[in-house]
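Heads up, query-v5.tsv below (TSV, C-alpha atoms and all ligand atoms):
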```
chain	number	residue	atom	x	y	z
J	170	MET	CA	15.55	18.06	42.79
J	171	LYS	CA	15.57	15.20	40.30
J	172	ALA	CA	12.12	13.89	39.39
J	173	THR	CA	10.26	12.27	36.54
J	174	VAL	CA	7.30	14.37	35.39
J	175	ASP	CA	5.09	13.30	32.47
J	176	GLY	CA	7.56	10.53	31.68
J	177	LYS	CA	10.52	12.96	31.43
J	178	ALA	CA	13.37	13.29	33.92
J	179	ARG	CA	13.86	16.94	34.88
J	180	ASN	CA	14.79	19.25	37.70
J	181	ILE	CA	11.82	20.67	39.56
J	182	LYS	CA	11.19	22.44	42.85
J	183	ALA	CA	8.70	21.92	45.66
J	184	VAL	CA	7.02	25.26	44.89
J	185	TRP	CA	7.45	27.96	42.21
J	186	PHE	CA	5.58	30.67	40.28
J	187	ASP	CA	4.51	30.24	36.66
J	188	ASP	CA	2.24	32.26	34.43
J	189	GLY	CA	0.38	34.05	37.24
J	190	GLU	CA	-0.07	30.92	39.35
J	191	VAL	CA	1.68	29.16	42.21
J	192	VAL	CA	2.72	25.63	41.26
J	193	MET	CA	3.63	22.96	43.78
J	194	ILE	CA	4.24	19.25	44.05
J	195	ASP	CA	1.36	17.59	45.90
J	196	GLN	CA	3.50	15.99	48.59
J	197	ARG	CA	0.53	13.95	49.86
J	198	ARG	CA	0.63	11.84	46.68
J	199	LEU	CA	4.33	10.92	46.69
J	200	PRO	CA	5.93	8.51	46.07
J	201	SER	CA	3.22	6.73	44.07
J	202	GLU	CA	2.40	9.73	41.85
J	203	LEU	CA	4.13	13.01	41.07
J	204	VAL	CA	1.23	15.44	40.75
J	205	LEU	CA	1.64	19.20	40.24
J	206	LYS	CA	-1.06	21.52	41.59
J	207	ARG	CA	-1.69	25.12	40.43
J	208	PHE	CA	-3.25	27.88	42.54
J	209	SER	CA	-4.38	31.34	41.52
J	210	GLY	CA	-5.71	32.75	44.83
J	211	TYR	CA	-3.86	33.35	48.09
J	212	MET	CA	-6.52	31.52	50.15
J	213	GLU	CA	-6.01	28.41	48.00
J	214	VAL	CA	-2.30	28.51	48.80
J	215	ARG	CA	-3.14	28.96	52.48
J	216	GLU	CA	-5.32	25.82	52.25
J	217	ALA	CA	-2.46	23.93	50.53
J	218	ILE	CA	-0.21	24.79	53.48
J	219	ARG	CA	-2.91	23.78	55.97
J	220	ASN	CA	-3.71	20.45	54.31
J	221	MET	CA	-0.01	19.68	53.75
J	222	THR	CA	0.01	19.65	49.96
J	223	VAL	CA	3.19	21.62	50.69
J	224	ARG	CA	5.03	21.03	53.97
J	225	GLY	CA	8.40	21.41	55.64
J	226	ALA	CA	9.28	24.74	57.25
J	227	PRO	CA	11.22	26.53	54.44
J	228	SER	CA	8.81	25.30	51.72
J	229	ILE	CA	5.90	26.53	53.85
J	230	GLY	CA	7.74	29.87	54.01
J	231	ALA	CA	8.16	30.05	50.22
J	232	ALA	CA	4.51	29.06	49.65
J	233	ALA	CA	3.49	31.82	52.09
J	234	ALA	CA	5.64	34.32	50.16
J	235	TYR	CA	3.89	33.32	46.92
J	236	ALA	CA	0.49	33.55	48.66
J	237	MET	CA	1.31	37.15	49.59
J	238	CYS	CA	2.45	37.72	46.00
J	239	LEU	CA	-0.96	36.53	44.69
J	240	ALA	CA	-2.76	38.70	47.25
J	241	ALA	CA	-0.80	41.75	46.05
J	242	LEU	CA	-1.32	40.97	42.34
J	243	LYS	CA	-5.08	40.68	42.91
J	244	GLY	CA	-5.31	43.90	44.95
J	245	CYS	CA	-6.40	42.14	48.18
J	246	ASP	CA	-6.19	43.74	51.63
J	247	LEU	CA	-2.60	42.81	52.50
J	248	LYS	CA	-3.04	43.13	56.26
J	249	LYS	CA	-5.90	40.60	56.14
J	250	ALA	CA	-3.97	38.37	53.75
J	251	ALA	CA	-0.98	38.36	56.11
J	252	ASP	CA	-3.20	37.32	59.05
J	253	ASP	CA	-4.94	34.66	56.94
J	254	VAL	CA	-1.70	33.14	55.67
J	255	LYS	CA	-0.06	33.19	59.11
J	256	SER	CA	-2.98	31.21	60.55
J	257	ALA	CA	-2.40	28.22	58.20
J	258	ARG	CA	-0.15	26.31	60.65
J	259	PRO	CA	1.23	27.40	64.03
J	260	THR	CA	4.72	25.95	64.54
J	261	ALA	CA	7.08	26.63	61.59
J	262	ASN	CA	8.78	30.00	62.08
J	263	ASP	CA	9.51	30.33	58.36
J	264	LEU	CA	5.79	30.91	57.69
J	265	PHE	CA	5.75	34.04	59.86
J	266	TYR	CA	9.20	35.15	58.69
J	267	ALA	CA	8.18	34.90	55.02
J	268	VAL	CA	4.92	36.82	55.43
J	269	ASP	CA	6.73	39.64	57.29
J	270	TYR	CA	9.49	39.64	54.63
J	271	MET	CA	6.90	40.03	51.86
J	272	ALA	CA	4.88	42.67	53.75
J	273	GLU	CA	8.05	44.76	54.06
J	274	ARG	CA	9.02	44.34	50.38
J	275	LEU	CA	5.49	45.05	49.12
J	276	SER	CA	5.12	48.17	51.23
J	277	ALA	CA	8.48	49.35	49.81
J	278	GLY	CA	6.88	49.03	46.33
J	279	GLU	CA	8.80	45.95	45.13
J	280	ASP	CA	7.24	43.90	42.33
J	281	PRO	CA	5.32	41.02	44.03
J	282	VAL	CA	6.65	38.29	41.73
J	283	SER	CA	10.29	39.34	41.98
J	284	ALA	CA	9.98	39.68	45.77
J	285	ALA	CA	8.54	36.16	46.17
J	286	ASP	CA	10.90	34.63	43.60
J	287	GLY	CA	13.75	36.34	45.44
J	288	TYR	CA	12.59	34.82	48.72
J	289	ALA	CA	12.48	31.31	47.20
J	290	ARG	CA	15.89	31.77	45.54
J	291	LEU	CA	17.41	32.94	48.82
J	292	THR	CA	16.00	29.85	50.55
J	293	ILE	CA	17.77	27.60	48.04
J	294	GLU	CA	21.05	29.52	48.39
J	295	LYS	CA	20.89	29.14	52.19
J	296	CYS	CA	20.34	25.40	51.80
J	297	GLU	CA	23.35	25.13	49.47
J	298	SER	CA	25.47	26.83	52.08
J	299	ILE	CA	24.11	24.47	54.78
J	300	GLY	CA	25.01	21.59	52.46
J	301	ARG	CA	28.59	22.79	52.01
J	302	TYR	CA	29.19	23.28	55.75
J	303	GLY	CA	27.41	20.07	56.77
J	304	ALA	CA	29.17	17.88	54.19
J	305	GLU	CA	32.41	18.40	56.13
J	306	LEU	CA	30.91	16.34	58.98
J	307	ILE	CA	30.31	13.34	56.71
J	308	LYS	CA	33.20	10.91	56.22
J	309	ASP	CA	33.54	7.84	54.03
J	310	GLY	CA	31.91	4.76	55.52
J	311	MET	CA	29.69	6.61	58.00
J	312	LYS	CA	26.21	5.53	59.05
J	313	LEU	CA	23.85	8.50	59.31
J	314	MET	CA	20.33	8.84	60.63
J	315	THR	CA	17.59	11.40	59.92
J	316	HIS	CA	13.92	11.85	60.78
J	317	CYS	CA	10.90	13.18	58.89
J	318	ASN	CA	11.72	14.98	55.62
J	319	ALA	CA	14.08	17.93	55.67
J	320	GLY	CA	15.01	17.52	52.02
J	321	ALA	CA	14.36	19.43	48.80
J	322	LEU	CA	10.62	18.88	49.14
J	323	ALA	CA	10.69	20.66	52.50
J	324	THR	CA	12.85	23.60	51.39
J	325	VAL	CA	11.94	24.50	47.76
J	326	ASP	CA	15.11	22.63	46.70
J	327	VAL	CA	18.31	21.05	48.10
J	328	GLY	CA	17.15	20.55	51.73
J	329	THR	CA	18.48	21.29	55.19
J	330	ALA	CA	19.20	17.95	56.93
J	331	LEU	CA	19.53	16.24	53.53
J	332	ALA	CA	21.68	19.01	52.02
J	333	PRO	CA	24.94	17.81	53.66
J	334	MET	CA	24.12	14.30	52.39
J	335	ARG	CA	23.55	15.59	48.81
J	336	PHE	CA	26.82	17.53	48.87
J	337	ALA	CA	28.83	14.66	50.43
J	338	HIS	CA	27.37	12.31	47.80
J	339	MET	CA	28.35	14.75	45.00
J	340	GLN	CA	31.87	14.80	46.51
J	341	GLY	CA	31.99	11.04	45.99
J	342	LYS	CA	31.76	10.04	49.66
J	343	LYS	CA	30.19	6.66	50.41
J	344	PHE	CA	27.83	6.53	53.39
J	345	PHE	CA	24.55	4.99	54.50
J	346	VAL	CA	21.39	6.69	55.80
J	347	TYR	CA	18.75	5.32	58.18
J	348	ALA	CA	15.50	7.19	57.40
J	349	SER	CA	12.91	6.74	60.14
J	350	GLU	CA	9.40	6.33	58.76
J	351	THR	CA	7.86	9.22	60.80
J	352	ARG	CA	4.48	8.12	62.04
J	353	PRO	CA	1.75	9.14	61.54
J	354	ARG	CA	2.15	10.92	58.17
J	355	LEU	CA	5.20	8.95	57.04
J	356	GLN	CA	7.27	11.82	55.65
J	357	GLY	CA	10.45	9.79	56.28
J	358	MET	CA	9.26	6.71	54.40
J	359	GLN	CA	7.38	8.45	51.60
J	360	LEU	CA	9.43	11.60	51.01
J	361	THR	CA	12.96	11.23	52.42
J	362	ALA	CA	13.39	7.71	51.04
J	363	TRP	CA	12.06	8.96	47.68
J	364	GLU	CA	14.55	11.82	47.60
J	365	LEU	CA	17.50	9.66	48.67
J	366	GLY	CA	16.52	7.13	46.01
J	367	GLN	CA	16.37	9.83	43.30
J	368	GLU	CA	19.91	10.89	44.28
J	369	GLY	CA	21.24	7.32	44.43
J	370	ILE	CA	22.15	7.61	48.13
J	371	ASP	CA	22.30	4.25	49.92
J	372	HIS	CA	19.57	4.13	52.59
J	373	ALA	CA	17.00	2.05	54.46
J	374	ILE	CA	13.67	2.96	55.99
J	375	ILE	CA	13.35	1.96	59.65
J	376	PRO	CA	10.34	2.03	61.98
J	377	ASP	CA	10.57	5.05	64.31
J	378	GLY	CA	10.84	2.64	67.25
J	379	ALA	CA	13.98	1.03	65.78
J	380	SER	CA	16.07	4.21	66.00
J	381	ALA	CA	17.67	3.51	69.40
J	382	TYR	CA	18.29	-0.12	68.38
J	383	TYR	CA	20.30	0.95	65.32
J	384	MET	CA	22.12	3.60	67.38
J	385	SER	CA	23.19	0.81	69.76
J	386	LYS	CA	24.63	-1.05	66.74
J	387	GLY	CA	26.59	1.96	65.48
J	388	VAL	CA	25.37	5.25	64.04
J	389	ASP	CA	28.04	7.93	63.49
J	390	LEU	CA	26.00	11.08	62.93
J	391	ILE	CA	22.39	12.24	63.20
J	392	ILE	CA	21.10	15.26	61.26
J	393	VAL	CA	17.52	16.53	61.53
J	394	GLY	CA	15.72	19.71	60.47
J	395	ALA	CA	13.78	22.17	62.61
J	396	ASP	CA	10.52	24.08	62.51
J	397	ARG	CA	11.37	26.70	65.12
J	398	ILE	CA	14.50	27.29	67.19
J	399	ALA	CA	14.09	29.31	70.39
J	400	LYS	CA	16.63	31.86	71.64
J	401	ASN	CA	18.17	29.34	74.06
J	402	GLY	CA	18.59	26.67	71.34
J	403	ASP	CA	15.62	24.47	72.28
J	404	PHE	CA	13.99	23.51	68.99
J	405	ALA	CA	10.72	22.11	67.64
J	406	ASN	CA	10.85	19.44	64.96
J	407	LYS	CA	8.70	16.49	63.89
J	408	ILE	CA	7.36	14.35	66.72
J	409	GLY	CA	9.92	11.68	67.57
J	410	THR	CA	12.93	13.98	67.19
J	411	MET	CA	13.42	14.34	70.95
J	412	ASP	CA	13.44	10.53	71.42
J	413	LYS	CA	16.34	10.36	68.96
J	414	ALA	CA	18.24	13.17	70.66
J	415	ILE	CA	17.93	11.48	74.06
J	416	ALA	CA	19.08	8.13	72.65
J	417	ALA	CA	21.94	9.83	70.79
J	418	LYS	CA	23.17	11.40	74.04
J	419	HIS	CA	23.05	7.95	75.69
J	420	PHE	CA	25.13	6.37	72.92
J	421	GLY	CA	27.48	9.38	72.48
J	422	ILE	CA	26.39	10.05	68.89
J	423	PRO	CA	26.77	13.62	67.51
J	424	PHE	CA	23.32	15.17	67.00
J	425	TYR	CA	23.06	18.11	64.57
J	426	VAL	CA	20.16	20.36	63.57
J	427	ALA	CA	20.30	21.82	60.05
J	428	ALA	CA	18.26	25.00	59.55
J	429	PRO	CA	18.44	28.43	57.93
J	430	VAL	CA	18.44	31.59	60.03
J	431	SER	CA	14.75	32.10	59.10
J	432	THR	CA	13.91	29.15	61.42
J	433	PHE	CA	15.44	30.86	64.48
J	434	ASP	CA	12.89	32.81	66.51
J	435	PHE	CA	14.54	35.08	69.04
J	436	LYS	CA	11.15	36.37	70.23
J	437	THR	CA	10.65	32.88	71.71
J	438	ALA	CA	12.85	32.57	74.80
J	439	THR	CA	12.74	28.79	75.34
J	440	GLY	CA	11.12	25.69	73.91
J	441	ASP	CA	8.30	25.99	76.48
J	442	ASP	CA	6.98	28.98	74.52
J	443	ILE	CA	6.77	27.19	71.14
J	444	VAL	CA	3.20	26.47	70.00
J	445	ILE	CA	2.88	22.79	69.06
J	446	GLU	CA	0.36	21.94	66.35
J	447	GLN	CA	-2.14	19.25	67.33
J	448	ARG	CA	-3.47	17.40	64.30
J	449	ALA	CA	-6.53	15.20	63.68
J	450	GLU	CA	-6.92	11.92	65.60
J	451	GLU	CA	-7.64	10.11	62.33
J	452	GLU	CA	-4.00	10.51	61.25
J	453	VAL	CA	-3.19	8.11	64.09
J	454	THR	CA	-6.22	5.82	64.19
J	455	GLU	CA	-6.49	5.24	60.43
J	456	ILE	CA	-4.16	3.84	57.80
J	457	ALA	CA	-4.92	4.83	54.20
J	458	GLY	CA	-8.36	6.04	55.32
J	459	ILE	CA	-9.30	2.78	57.09
J	460	ARG	CA	-9.79	2.82	60.85
J	461	ILE	CA	-7.60	0.21	62.49
J	462	ALA	CA	-7.82	1.43	66.11
J	463	PRO	CA	-10.55	0.01	68.35
J	464	ALA	CA	-13.85	1.87	68.11
J	465	GLY	CA	-14.11	4.33	70.96
J	466	SER	CA	-10.35	4.73	71.61
J	467	LYS	CA	-9.19	8.34	71.47
J	468	ALA	CA	-5.85	9.29	69.93
J	469	LEU	CA	-3.47	12.19	70.59
J	470	ASN	CA	-1.51	13.60	67.67
J	471	PRO	CA	1.05	16.31	68.46
J	472	SER	CA	2.81	17.12	65.18
J	473	PHE	CA	6.08	18.29	66.79
J	474	ASP	CA	8.11	17.91	69.95
J	475	VAL	CA	10.67	20.21	71.55
J	476	THR	CA	14.24	18.97	72.01
J	477	PRO	CA	16.29	20.73	74.70
J	478	ALA	CA	19.38	22.61	73.49
J	479	SER	CA	21.51	20.54	75.88
J	480	LEU	CA	21.07	17.53	73.54
J	481	VAL	CA	22.25	19.40	70.42
J	482	THR	CA	25.87	19.08	69.28
J	483	GLY	CA	25.54	21.89	66.76
J	484	PHE	CA	23.30	23.87	64.39
J	485	ILE	CA	24.30	23.71	60.72
J	486	THR	CA	23.26	27.10	59.30
J	487	GLU	CA	24.13	29.14	56.22
J	488	LYS	CA	26.46	31.10	58.53
J	489	GLY	CA	28.42	28.03	59.60
J	490	ILE	CA	28.12	25.32	62.23
J	491	LEU	CA	27.27	26.80	65.64
J	492	ARG	CA	27.26	25.37	69.13
J	493	PRO	CA	24.01	26.09	71.02
J	494	ASP	CA	25.81	28.76	73.12
J	495	GLU	CA	26.95	30.56	69.94
J	496	ILE	CA	23.59	31.12	68.27
J	497	GLY	CA	22.75	34.37	70.08
J	498	ARG	CA	26.02	35.95	68.92
J	499	VAL	CA	25.91	34.75	65.30
J	500	VAL	CA	22.22	34.54	64.41
J	501	GLY	CA	20.52	37.10	66.68
K	1	LIG	O1	4.59	18.53	59.42
K	1	LIG	P1	5.70	18.76	58.44
K	1	LIG	O2	5.87	17.67	57.44
K	1	LIG	O3	5.62	20.15	57.82
K	1	LIG	O4	7.00	18.75	59.35
K	1	LIG	C1	8.26	18.91	58.77
K	1	LIG	C2	9.38	18.77	59.72
K	1	LIG	O5	9.22	18.53	60.90
K	1	LIG	C3	10.74	19.06	59.16
K	1	LIG	O6	11.72	18.30	59.82
K	1	LIG	C4	11.05	20.56	59.37
K	1	LIG	O7	10.01	21.35	58.85
K	1	LIG	C5	12.31	20.94	58.74
K	1	LIG	S1	12.16	21.03	57.00
K	1	LIG	C6	13.62	21.49	56.37
```
Could you render the structure from this file as structure tokens?
Amino acid sequence: MKATVDGKARNIKAVWFDDGEVVMIDQRRLPSELVLKRFSGYMEVREAIRNMTVRGAPSIGAAAAYAMCLAALKGCDLKKAADDVKSARPTANDLFYAVDYMAERLSAGEDPVSAADGYARLTIEKCESIGRYGAELIKDGMKLMTHCNAGALATVDVGTALAPMRFAHMQGKKFFVYASETRPRLQGMQLTAWELGQEGIDHAIIPDGASAYYMSKGVDLIIVGADRIAKNGDFANKIGTMDKAIAAKHFGIPFYVAAPVSTFDFKTATGDDIVIEQRAEEEVTEIAGIRIAPAGSKALNPSFDVTPASLVTGFITEKGILRPDEIGRVVG
């Protein structure tokens, strides 16, 4: 992704390995500051996943792969490390997929750094493929909508939901993107808008509650990411995704989910079986650390919701664009 670091414009990634340490962009500080953090122990990387220094399902997966790499380099008990890393957050399938991928490679004797680098590189290649397939859906003059951040920050580089937009933009297509702010952590406003701005893609931030209003005025295509996709096509993504899918069905707007195969979890039969992370009340009751809710009011803060497969037009994957009834045959 394009970013300015130390006053210089350069290409960087959400997470990578350098000189024995895991390096990542502190996504909690964007867009006001671009801060890089370095970690030398696997438990520090686990904490960075937990506290959302790094976030977004495929980036969480890559960070988990590098955490396992550090554990192996330092001679830690790999079974314990795998359990520790997997407990960082409950919903994103890529976290579990990446730890199992690394456990298999390490037990086969592969070098820890090349195994983790290979995992991260594969993630980027999958996103590029998602971008190429998804760009075909985008036509000149379209109005698009997305939610949360499923861009380069969320996927090491390139993105899932934002990948088709990057590719269509590189192909010279002109289109406009509504980016919903994504209460309570504002990934849409702070991260997606930042990425679209870096790329020069025309966009506007909208309050989450304005999504159906803008759909009623004319949205041509909605693309979101996913944290876990069950065998029947129900999928978990950032809270507020299901509201958009329901409104899209009402207005007849195509609704696509962009995700790599590592996000599909065929051990989970339906969306009812997906574990939804519940986060701290303060994320809802406070703004910038200042309580604005009445004293004594409780808040509920589910981080994800589950959208039924019946509301999905298609899944944009590295294997092509699939209807919900095709995923078992192609992905499973
Ligand atoms: O809580 P977050 O910021 O990790 O949630 C991220 C999302 O919900 C993304 O849409 C999803 O992980 C897909 S990222 C390509």
Please measure the separation of atom CA of Lys255 of chain J and atom CA of Asp269 of chain J, giving the value in Å to one decimal.
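Computing the Euclidean distance for atom CA of Lys255 of chain J and atom CA of Asp269 of chain J yields 9.5 Å.
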Counting only C-alpha atoms, what is within 7 Å of segment 231-233 of chain J, bar same-chain residues fewer than 2 positions away, as a list in words?
Val184, Val214, Pro227, Ser228, Ile229, Tyr235, Ala236, Met237, Val254, Leu264, Ala267, Val268, Tyr288 and Ala289 of chain J
Please identify all polymer residues lying at most 12 Å from the point (3.8, 3.2, 60.9) (file coordinates), using only C-alpha atoms, and present the result as a PyMOL selection string.
chain J and resi 349-359+374-379+452-457+461
Choose the residue, out of J:Ala399, J:Gly189, J:Thr439, J:Asp246, that has the smallest atom-to-atom separation from Ala272 of chain J; count only C-alpha atoms.
J:Asp246
With all atoms of ligand LIG 1 (chain K) from the file as input, state the centre and edge lengths in Å to one decimal of the axis-aligned box that has 4 Å extra on each side, as lines of an AutoDock Vina configuration file.
```
center_x = 9.1
center_y = 19.6
center_z = 58.6
size_x = 17.0
size_y = 11.8
size_z = 12.5
```
Please identify all protein, DNA and RNA residues within 6 Å of ligand LIG 1 (chain K), counting all atoms listed in the file, and report them as a ChimeraX atom specification.
/J:224-227,317-319,323-324,328-329,394-396,406-407
Deliver the residues from the most recent selection as a file, using C-alpha atoms, as a PDB file, in the coordinates of the input.
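So the final result, stored in result.pdb, reads:
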```
ATOM      1  CA  ARG J 224       5.030  21.030  53.970  1.00  0.00           C
ATOM      2  CA  GLY J 225       8.400  21.410  55.640  1.00  0.00           C
ATOM      3  CA  ALA J 226       9.280  24.740  57.250  1.00  0.00           C
ATOM      4  CA  PRO J 227      11.220  26.530  54.440  1.00  0.00           C
ATOM      5  CA  CYS J 317      10.900  13.180  58.890  1.00  0.00           C
ATOM      6  CA  ASN J 318      11.720  14.980  55.620  1.00  0.00           C
ATOM      7  CA  ALA J 319      14.080  17.930  55.670  1.00  0.00           C
ATOM      8  CA  ALA J 323      10.690  20.660  52.500  1.00  0.00           C
ATOM      9  CA  THR J 324      12.850  23.600  51.390  1.00  0.00           C
ATOM     10  CA  GLY J 328      17.150  20.550  51.730  1.00  0.00           C
ATOM     11  CA  THR J 329      18.480  21.290  55.190  1.00  0.00           C
ATOM     12  CA  GLY J 394      15.720  19.710  60.470  1.00  0.00           C
ATOM     13  CA  ALA J 395      13.780  22.170  62.610  1.00  0.00           C
ATOM     14  CA  ASP J 396      10.520  24.080  62.510  1.00  0.00           C
ATOM     15  CA  ASN J 406      10.850  19.440  64.960  1.00  0.00           C
ATOM     16  CA  LYS J 407       8.700  16.490  63.890  1.00  0.00           C
TER      17      LYS J 407
END
```
Quick one: residues within 10 Å of Arg258 of chain J, all atoms listed in the file counted, chain neighbours fewer than 3 positions away excluded, as JSON, numbers by chain?
{"J": [215, 216, 218, 219, 220, 221, 224, 229, 254, 255, 261, 262, 264, 265, 444, 445, 446, 447]}
